[in-house]
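To keep things clear, I will list the structure first and then write my remarks on it.
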Amino acid sequence: MATTLLNFAAPSSRLQRLSRAGSALLRHCTIPLFGIAVFLLLWSVAAARIETSLGTFPGPAAVWQQAANLYEEHRRERVKAAEFYARQEERNAQRLAQDPTYEARIRPYTGKATFIDQIKTSLVTVLSGFAIAMAVALPLGIAIGLNRPLNLALNPLIQLFKPVSPLAWLPLVTMVVSALYTADEPLFPKSFINSMITVALCCLWPMVINTAVGVASIPQDLVNVSRVLRLSPLAHVRRIVLPSSVPMIFTGMRLSLGIAWMVLIAAEMLAQNPGLGKFVWDEFQNGSSESLSRIMVAVFTIGFIGFLLDRGMQEIQRRVSWDKGTATR
Amino acid sequence: MSVILEISQVDKEFSTPSGNFVALKGVDLKIEQGEFVSLIGHSGCGKSTVLNIVAGLIQATRGGVILNGKEIREPGPERAVVFQNHSLLPWLTAYQNVELAVKQVKGASWSKQQIREWVEHNLTLVHMAHAMHKLPHEISGGMKQRVGIARALAMQPQILLMDEPFGALDALTRAHMQDSLMEIQNELRNTVIMITHDVDEAVLLSDRIVMMTNGPAATIGEILDVKLPRPRDRLALADLPEYAALRARVLRFLYEKQRKVEPLGTAAGARQSPAAMRRRSVA
């Protein structure tokens with residue numbers, strides 16, 4: 001009797017555990033999915049009621065269709081490019097067969113940039129701008145954090161430049177770049193340089209501020225350890241100051257990358273850098289019946305890439321930083 | 001026995017918005033080679049200030065400290081400090097924390113092999129060999145303090161300064177740590193200054209107990225020689241009349257002669273008064 005009860009009890013408790021795990025999974029998946037479903041519903045209902053000069057505001061279905069369309073265009077363009085190169089190879093081979101001294105040349109394909117190409121351009125631009133900002137901000141932040149007079153001297157300037165919009169910087173950057181960047185065959189297009197510098201100027205500040213605060217706020221106990229050990233100034237910075245401020249530095253870098261991505265779209269619109277910003281602007285100018293849904297595709301893409309950039313940064317932080325607490329926020 | 005450290009007529013004043021605050025006045029103390037001295041007194045009496053002056057972390061306003069014939073002007077590894085809250089670098093493992101100190105003190109003259117053996121030896125001494133590759137946040141408070149002690153011992157200081165080393169630990173862990181410390185002292189015979197507010201700890205560990213008066217202008221009130229035989233065992237001592245007498249001397253100093261007047265401290269007052277009251281009813 002007892003054994004049958006036990007046998008009966010065991011699987012049922014396992015079942016319970018299973019169902020508890022299942023319900024947790026359900027909760028973690030269903031509630032967000034429910035939120036998305038409500039959003040899609042509200043969007044399609046609201047969109048159907050908005051009549052613009054370019055037709056009805058696109059609902060989820062129209063946007064989805066344009067997303068597929070944009071990908072299809074990209075694929076067709078790739079096929080064309082491949083055919084273009086294949087034709088050149090063939091022609092070169094024929095010329096060489098007739099005339100062995102002929103120097104074979106491959107002309108680059110100059111078809112229009114597809115949506116995927118524009119995403120790549122945007123990513124390259126934002127990461128270059130961010131890298132420049134990082135190269136300036138980290139040393140500057142460390143210097144400011146260590147040196148109180150330097151902090152007092154630069155703080156007003158930092159506070160002044162921090163809230164400036166990229167749109168204000170861009171005309172100045174454009175004029176300065178065209179004045180100074182005058183190579184005959186430039187390695188990078190000017191539009192790229194303009195966008196990159198604007199991005200760097202805007203995302204510099206959170207990194208400088210966080211690095212400086214992180215460096216300046218080392219616990220006194222750790223400073224005392226360093227003093228008792230008589231660490232040299234250089235060893236003090238390398239062994240105590242930098243590791244101690246790594247969590248703050250990473251927080252600043254994450255903030256900066258977020259700002260960089262946001263600024264980039266505006267900068268590309270104005271600088272005509274062939275990235276996502278230019279895509280949005282061109283579609284707006286184009287004004288076809290598909291434009292709004294294509295812009296909506298860009299909006300979601302921008303959001304999703306921004307999310308991925310932040311997650312990537314968080315992952316790097318989790319691997320590099322000793323303070324796992326700040327990395328999960 | 002020779003005098004290793006001399007604290008000579010030390011005054012310390014802190015400038016505050018309402019004028020100078022005299023924290024220490026005429027602190028005078030000689031410590032012999034191999035002696036274990038505890039500083040005891042109520043919180044805020046300037047025990048830590050004395051220790052920080054000896055460590056070189058702060059400067060005396062008047063007077064000075066002489067270690068082996070040389071005046072102390074700045075911190076240095078020959079006066080290793082065990083900090084109250086361990087002060088391990090949180091991004092380094094227990095091993096690396098000790099290694100940083102060893103490399104800094106011995107680095108130039110020692111081989112890698114020697115450094116590794118010395119780090120491991122000191123971690124074994126404090127019973128941390130099993131967890132030496134753990135990060136500080138992965139080990140308990142008592143273990144962190146053990147690593148802090150290993151780091152200080154590994155510097156082979158001329159004098160070891162301990163600032164309430166077990167103050168943040170629970171009673172059982174503290175008893176374990178005191179036993180470990182006595183075991184280590186039996187072997188190494190370091191000169192130690194330890195700050196404590198625990199009477200039993202002071203009597204158990206010390207050769208001399210230096211009792212400080214309450215601030216402002218705190219100074220040394222009484223010095224008590226503890227001539228209990230070593231090695232000491234806390235259970236055997238508990239039944240010893242000399243132990244009880246020494247304990248009573250310290251308690252009487254702290255709770256009769258230097259009764260701390262707590263203006264707002266109902267909680268602190270309640271914590272302190274039973275001992276004093278018991279003593280008064282006995283008398």
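Scheme for the structure tokens: letters A, B, ... for chains in order shown; per-chain residue numbers from 1; ligand numbers from 1 in order shown.
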Select from region 5-227 of chain B everything DSSP, run on the backbone, classes as strand (DSSP E), then give the selection as a PyMOL selection string. chain B and resi 5-16+19-32+36-40+62-67+70-71+81-82+160-163+192-196+208-212+220-225
Should the cut-off be 9 Å, what would the residue list for chain A against chain B look like, counting only C-alpha atoms, as a VMD selection string? chain A and resid 221 to 222 224 to 225 227 to 231 239 to 240 243 to 244 321 to 323
Dump all heavy atoms for the selected residues as a compact mmCIF listing (two decimals), in the first residue's frame?
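Done, and the output landed in selection06.txt:
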```txt
# COMPACT_ATOMS: atom_id res chain seq x y z
N ASP A 221 40.43 53.30 0.91
CA ASP A 221 41.14 52.11 1.40
C ASP A 221 42.12 51.58 0.37
O ASP A 221 43.23 51.19 0.70
CB ASP A 221 40.12 51.00 1.72
CG ASP A 221 39.35 51.31 2.98
OD1 ASP A 221 39.93 51.95 3.86
OD2 ASP A 221 38.18 50.93 3.06
N LEU A 222 41.68 51.56 -0.90
CA LEU A 222 42.55 51.03 -1.94
C LEU A 222 43.72 51.98 -2.17
O LEU A 222 44.84 51.54 -2.45
CB LEU A 222 41.76 50.81 -3.23
CG LEU A 222 40.58 49.83 -3.13
CD1 LEU A 222 40.01 49.53 -4.50
CD2 LEU A 222 41.00 48.55 -2.45
N ASN A 224 45.05 53.74 0.16
CA ASN A 224 45.94 53.47 1.29
C ASN A 224 46.79 52.22 1.05
O ASN A 224 47.97 52.21 1.39
CB ASN A 224 45.13 53.30 2.58
CG ASN A 224 44.70 54.65 3.14
OD1 ASN A 224 45.19 55.69 2.73
ND2 ASN A 224 43.76 54.62 4.07
N VAL A 225 46.17 51.18 0.48
CA VAL A 225 46.93 49.97 0.16
C VAL A 225 48.09 50.34 -0.76
O VAL A 225 49.24 49.95 -0.54
CB VAL A 225 46.02 48.92 -0.52
CG1 VAL A 225 46.85 47.79 -1.10
CG2 VAL A 225 45.01 48.37 0.47
N ARG A 227 49.50 53.19 -1.08
CA ARG A 227 50.51 54.00 -0.40
C ARG A 227 51.40 53.14 0.49
O ARG A 227 52.62 53.32 0.53
CB ARG A 227 49.83 55.09 0.44
CG ARG A 227 49.16 56.17 -0.41
CD ARG A 227 48.46 57.19 0.44
NE ARG A 227 49.39 57.96 1.26
CZ ARG A 227 49.01 58.68 2.31
NH1 ARG A 227 47.75 58.71 2.68
NH2 ARG A 227 49.90 59.36 3.00
N VAL A 228 50.79 52.18 1.21
CA VAL A 228 51.58 51.30 2.08
C VAL A 228 52.56 50.48 1.23
O VAL A 228 53.70 50.26 1.63
CB VAL A 228 50.66 50.39 2.91
CG1 VAL A 228 51.46 49.28 3.57
CG2 VAL A 228 49.91 51.19 3.96
N LEU A 229 52.10 50.05 0.04
CA LEU A 229 52.98 49.27 -0.83
C LEU A 229 53.98 50.15 -1.56
O LEU A 229 54.87 49.64 -2.25
CB LEU A 229 52.14 48.50 -1.86
CG LEU A 229 51.35 47.31 -1.33
CD1 LEU A 229 50.49 46.71 -2.41
CD2 LEU A 229 52.31 46.26 -0.79
N ARG A 230 53.85 51.46 -1.44
CA ARG A 230 54.70 52.43 -2.14
C ARG A 230 54.74 52.17 -3.63
O ARG A 230 55.80 52.10 -4.26
CB ARG A 230 56.14 52.38 -1.60
CG ARG A 230 56.28 53.09 -0.28
CD ARG A 230 57.62 53.80 -0.16
NE ARG A 230 57.80 54.24 1.22
CZ ARG A 230 58.73 53.75 2.04
NH1 ARG A 230 59.57 52.84 1.63
NH2 ARG A 230 58.82 54.20 3.26
N LEU A 231 53.56 52.00 -4.23
CA LEU A 231 53.50 51.82 -5.68
C LEU A 231 53.92 53.13 -6.35
O LEU A 231 53.56 54.22 -5.88
CB LEU A 231 52.08 51.46 -6.12
CG LEU A 231 51.53 50.10 -5.68
CD1 LEU A 231 50.12 49.90 -6.24
CD2 LEU A 231 52.42 48.97 -6.15
N ARG A 239 47.78 49.46 -11.73
CA ARG A 239 47.35 48.35 -10.89
C ARG A 239 46.11 48.67 -10.05
O ARG A 239 45.37 47.78 -9.68
CB ARG A 239 48.47 47.90 -9.95
CG ARG A 239 49.78 47.57 -10.62
CD ARG A 239 49.64 46.47 -11.67
NE ARG A 239 49.08 45.23 -11.17
CZ ARG A 239 49.80 44.17 -10.83
NH1 ARG A 239 51.10 44.20 -10.94
NH2 ARG A 239 49.21 43.09 -10.41
N ILE A 240 45.92 49.94 -9.70
CA ILE A 240 44.82 50.29 -8.79
C ILE A 240 43.75 51.13 -9.51
O ILE A 240 42.58 50.75 -9.52
CB ILE A 240 45.35 51.09 -7.58
CG1 ILE A 240 46.56 50.41 -6.96
CG2 ILE A 240 44.24 51.34 -6.56
CD1 ILE A 240 46.28 49.29 -6.01
N PRO A 243 41.92 49.40 -13.03
CA PRO A 243 40.99 48.29 -12.75
C PRO A 243 39.80 48.73 -11.90
O PRO A 243 38.68 48.31 -12.14
CB PRO A 243 41.85 47.29 -11.97
CG PRO A 243 43.24 47.67 -12.21
CD PRO A 243 43.28 49.12 -12.55
N SER A 244 40.08 49.63 -10.95
CA SER A 244 39.01 50.06 -10.06
C SER A 244 37.94 50.83 -10.82
O SER A 244 36.77 50.78 -10.46
CB SER A 244 39.61 50.91 -8.94
OG SER A 244 38.62 51.62 -8.30
N SER A 321 35.01 43.11 -17.27
CA SER A 321 34.95 43.80 -15.99
C SER A 321 34.90 42.82 -14.84
O SER A 321 34.25 41.79 -14.91
CB SER A 321 33.73 44.71 -15.95
OG SER A 321 33.58 45.24 -14.67
N TRP A 322 35.56 43.18 -13.73
CA TRP A 322 35.55 42.32 -12.55
C TRP A 322 34.24 42.48 -11.79
O TRP A 322 33.85 41.62 -11.03
CB TRP A 322 36.71 42.67 -11.62
CG TRP A 322 36.80 44.12 -11.32
CD1 TRP A 322 37.49 45.07 -12.03
CD2 TRP A 322 36.18 44.83 -10.25
NE1 TRP A 322 37.33 46.30 -11.46
CE2 TRP A 322 36.53 46.19 -10.38
CE3 TRP A 322 35.35 44.44 -9.19
CZ2 TRP A 322 36.07 47.17 -9.49
CZ3 TRP A 322 34.90 45.42 -8.32
CH2 TRP A 322 35.27 46.75 -8.47
N ASP A 323 33.56 43.61 -11.99
CA ASP A 323 32.34 43.86 -11.24
C ASP A 323 31.15 43.37 -12.04
O ASP A 323 30.62 44.06 -12.89
CB ASP A 323 32.22 45.37 -10.97
CG ASP A 323 31.05 45.66 -10.05
OD1 ASP A 323 30.37 44.70 -9.65
OD2 ASP A 323 30.83 46.83 -9.73
```
I need the residues of region 74-234 of chain B that end up classed as alpha helix (DSSP H) by DSSP on the backbone, written out as a ChimeraX atom specification. /B:94-106,112-125,141-154,171-188,199-205,234
Identify, on the basis of only C-alpha atoms, every residue whose closest approach to region 42-48 of chain A does not exceed 10 Å; exclude the query and any residue fewer than 6 positions from it along the same chain; express the result as an NGL selection string. :A and (36 or 56-62)
So that I can check the surroundings of Leu146 (chain A), please list as a VMD selection string every protein, DNA and RNA residue that reaches within 12 Å of it, counting only C-alpha atoms and ignoring chain neighbours fewer than 5 positions away. chain A and resid 139 to 141 151 to 152 211 to 218 233 to 234 236 to 237 241 to 242 245
The selected residues should be written to file as a JSON list (two decimals), in the first residue's frame (atoms: N, CA and C atoms).
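Result saved to again.json:
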```json
[["chain", "number", "residue", "atom", "x", "y", "z"],
["A", 139, "PRO", "N", 41.88, 58.46, -22.46],
["A", 139, "PRO", "CA", 43.05, 59.15, -21.87],
["A", 139, "PRO", "C", 42.67, 60.47, -21.20],
["A", 140, "LEU", "N", 41.77, 61.23, -21.88],
["A", 140, "LEU", "CA", 41.36, 62.52, -21.32],
["A", 140, "LEU", "C", 40.65, 62.32, -19.99],
["A", 141, "GLY", "N", 39.74, 61.34, -19.94],
["A", 141, "GLY", "CA", 39.00, 61.08, -18.71],
["A", 141, "GLY", "C", 39.92, 60.68, -17.57],
["A", 151, "ASN", "N", 40.64, 68.97, -13.99],
["A", 151, "ASN", "CA", 39.21, 68.76, -13.90],
["A", 151, "ASN", "C", 38.48, 70.10, -13.81],
["A", 152, "LEU", "N", 38.97, 70.97, -12.91],
["A", 152, "LEU", "CA", 38.33, 72.28, -12.73],
["A", 152, "LEU", "C", 38.40, 73.09, -14.02],
["A", 211, "THR", "N", 34.56, 58.15, -17.16],
["A", 211, "THR", "CA", 35.93, 57.74, -16.88],
["A", 211, "THR", "C", 36.52, 58.60, -15.77],
["A", 212, "ALA", "N", 36.30, 59.91, -15.89],
["A", 212, "ALA", "CA", 36.86, 60.83, -14.89],
["A", 212, "ALA", "C", 36.28, 60.54, -13.50],
["A", 213, "VAL", "N", 34.96, 60.35, -13.44],
["A", 213, "VAL", "CA", 34.33, 60.08, -12.14],
["A", 213, "VAL", "C", 34.82, 58.75, -11.58],
["A", 214, "GLY", "N", 34.92, 57.74, -12.46],
["A", 214, "GLY", "CA", 35.39, 56.44, -12.02],
["A", 214, "GLY", "C", 36.80, 56.52, -11.46],
["A", 215, "VAL", "N", 37.66, 57.26, -12.14],
["A", 215, "VAL", "CA", 39.04, 57.38, -11.71],
["A", 215, "VAL", "C", 39.14, 58.19, -10.42],
["A", 216, "ALA", "N", 38.31, 59.24, -10.33],
["A", 216, "ALA", "CA", 38.41, 60.12, -9.16],
["A", 216, "ALA", "C", 37.81, 59.49, -7.91],
["A", 217, "SER", "N", 36.95, 58.49, -8.07],
["A", 217, "SER", "CA", 36.24, 57.98, -6.90],
["A", 217, "SER", "C", 36.72, 56.60, -6.48],
["A", 218, "ILE", "N", 38.03, 56.40, -6.49],
["A", 218, "ILE", "CA", 38.56, 55.14, -5.98],
["A", 218, "ILE", "C", 38.41, 55.14, -4.47],
["A", 233, "PRO", "N", 53.84, 56.10, -9.21],
["A", 233, "PRO", "CA", 52.64, 56.70, -9.80],
["A", 233, "PRO", "C", 52.10, 55.89, -10.99],
["A", 234, "LEU", "N", 53.01, 55.40, -11.83],
["A", 234, "LEU", "CA", 52.57, 54.64, -12.99],
["A", 234, "LEU", "C", 51.91, 53.32, -12.57],
["A", 236, "HIS", "N", 50.58, 52.74, -9.73],
["A", 236, "HIS", "CA", 49.34, 53.09, -9.04],
["A", 236, "HIS", "C", 48.19, 53.20, -10.05],
["A", 237, "VAL", "N", 48.44, 53.89, -11.16],
["A", 237, "VAL", "CA", 47.41, 54.04, -12.19],
["A", 237, "VAL", "C", 47.08, 52.68, -12.80],
["A", 241, "VAL", "N", 44.18, 52.25, -10.10],
["A", 241, "VAL", "CA", 43.20, 53.22, -10.62],
["A", 241, "VAL", "C", 42.38, 52.64, -11.77],
["A", 242, "LEU", "N", 43.08, 52.10, -12.78],
["A", 242, "LEU", "CA", 42.36, 51.63, -13.96],
["A", 242, "LEU", "C", 41.43, 50.46, -13.66],
["A", 245, "SER", "N", 38.33, 51.55, -11.89],
["A", 245, "SER", "CA", 37.33, 52.36, -12.58],
["A", 245, "SER", "C", 36.77, 51.68, -13.82]]
```
